[in-house]
Amino acid sequence: MPLPLSTHTPSSPADALRRLLNLRWLSIGGMLAVVVSVPWLLDIPLPARPLLQVVAALIAINLLSLVRARRLSDLHPAELFLQLSIDLGAWSVFLYFTGGATNPLISLLLPLVAIGAATLSAPYAWAVAAEAVTAYSILWDFNEQLDIYDSGLAVHWHLAGMWLTFALSAGVIVWYVVRMTAAIRSRDHALAEAREARLRNERIVALGNLAAGAAHELGTPLGTMAIVSGELARNPALDDDVRADAELLREQVGHCKAILGNLTLRAGSLRAEGGEVLPTDIWLRGIIERWRSLRPHVPLSTICECGDPPPSLVADATLEQAIHNIINNAADVSPDGVECEVGVEETQIVVRILDRGPGIPADFRPDAGLHQDGHGDGLGIGLLLAFDAVERCGGRITFASRPGGGTIATLTLPLSALRP
């Protein structure tokens, strides 16, 4: 089946064709070097006209192939086989006029066979090998012998040519195989990342189903708690401190009901549909103030430097929850105070949350799954959701040790993904 050139799949026929066309320029340079240098250095006359015609034909074919490669929307592996056959044919004709099988340059057919074995399917690879063996066999008997007057010198230069050809063949094979190996490693790395992303998305879907069920079941007990806390807050028999605590409880229950009410609007949305367009500093300060209302007993100091004027963006509910989750993690291990630094650096929003907790464990992997938390106490659901929300908009979350103890969590968000 044809493979699209635009997919850039590592080690695909499309990439192999591009590498082969680039490598062909080396063949052309080698042919020209032989035509120019051999008569001058070795005093061996060469039939320059037919050799230059071979070089000119190969240059024209390569230019046309480069134009065709840019315009192709798909590529069949047979295209790569045809290009390798052209190289084999060009070198065979070149060798025919320069001594045939007695020319040490005939070993340069081997790198083409190695490239075919590394990039083509078995039938095509065997076909390339068969072509190379056939060419070698024909050149054994059919060729134009060169006029070399000193047989001893001829043997010496033949051995020197064999060494040079071996060195060039080894270099070309190693270069090509190293490139192929790097492409395969890159593909394996991309597949591993895709596999991890798929598993993480499956966990997100499972959490969404659990959240929907929890939202339905929590409505009744939250309503009961709101009624009881309201009655306690209005009870004149209680002292002022107890009534204040009851009022705080009622307020927190109200926040919980509001969160559950918006759950279906927030779930799975990268950008809230019809979200309000806000300046960056107002959006971030609103997130921080809402967090303070949920956890008023943990001091949170903030520094916000978003420029003048600050860029505008569309309020994103999932990113707001991600920032909440990171601050919550910091507050859990540093209840005496958390710091939040917000700024716009070039084309990115950077949010740093600093705590004075125990720091980062040596084996910490925040995106590993539900059973690992940055501080070892939670299930890691908050971090899992935070990573998913931030990565979907092209951002990233990093953790670093804080000088003097603690952790610095950094959220980097591209403005291009959040602009109206």
# chains A, B, ... in the order shown; residues from 1 in each chain; ligands from 1
$ residues_around --residues "Arg292 in chain A" --least-positions-apart "5" --cutoff "12 Å" --atoms "only C-alpha atoms" --output "list in words"
Gln252, His255, Arg285, Gly286, Ile287, His297, Val298, Pro299, Leu300, Ser301, Thr302, His324, Ile327, Asn328, Ala331, Gly337 and Val338 of chain A
$ atom_distance --atom1 "CA of Arg396 in chain A" --atom2 "CA of Glu193 in chain A"
14.4 Å
$ residues_around --residues "Leu21 in chain A" --least-positions-apart "4" --cutoff "9 Å" --atoms "only C-alpha atoms" --output "ChimeraX atom specification"
/A:16-17,25,62-63,65-66,83
$ atom_distance --atom1 "CA of Thr165 in chain A" --atom2 "CA of Ile106 in chain A"
8.2 Å
$ residues_around --residues "Leu319 in chain A" --least-positions-apart "5" --cutoff "12 Å" --atoms "only C-alpha atoms" --output "ChimeraX atom specification"
/A:266-272,283-284,287,314,324-326,349,351,382-383,385-397,411-414,417-418
$ closest_residue --among "A:Ile115, A:Val178, A:Val350, A:Ile259" --to "Ala317 in chain A" --atoms "only C-alpha atoms"
A:Ile259
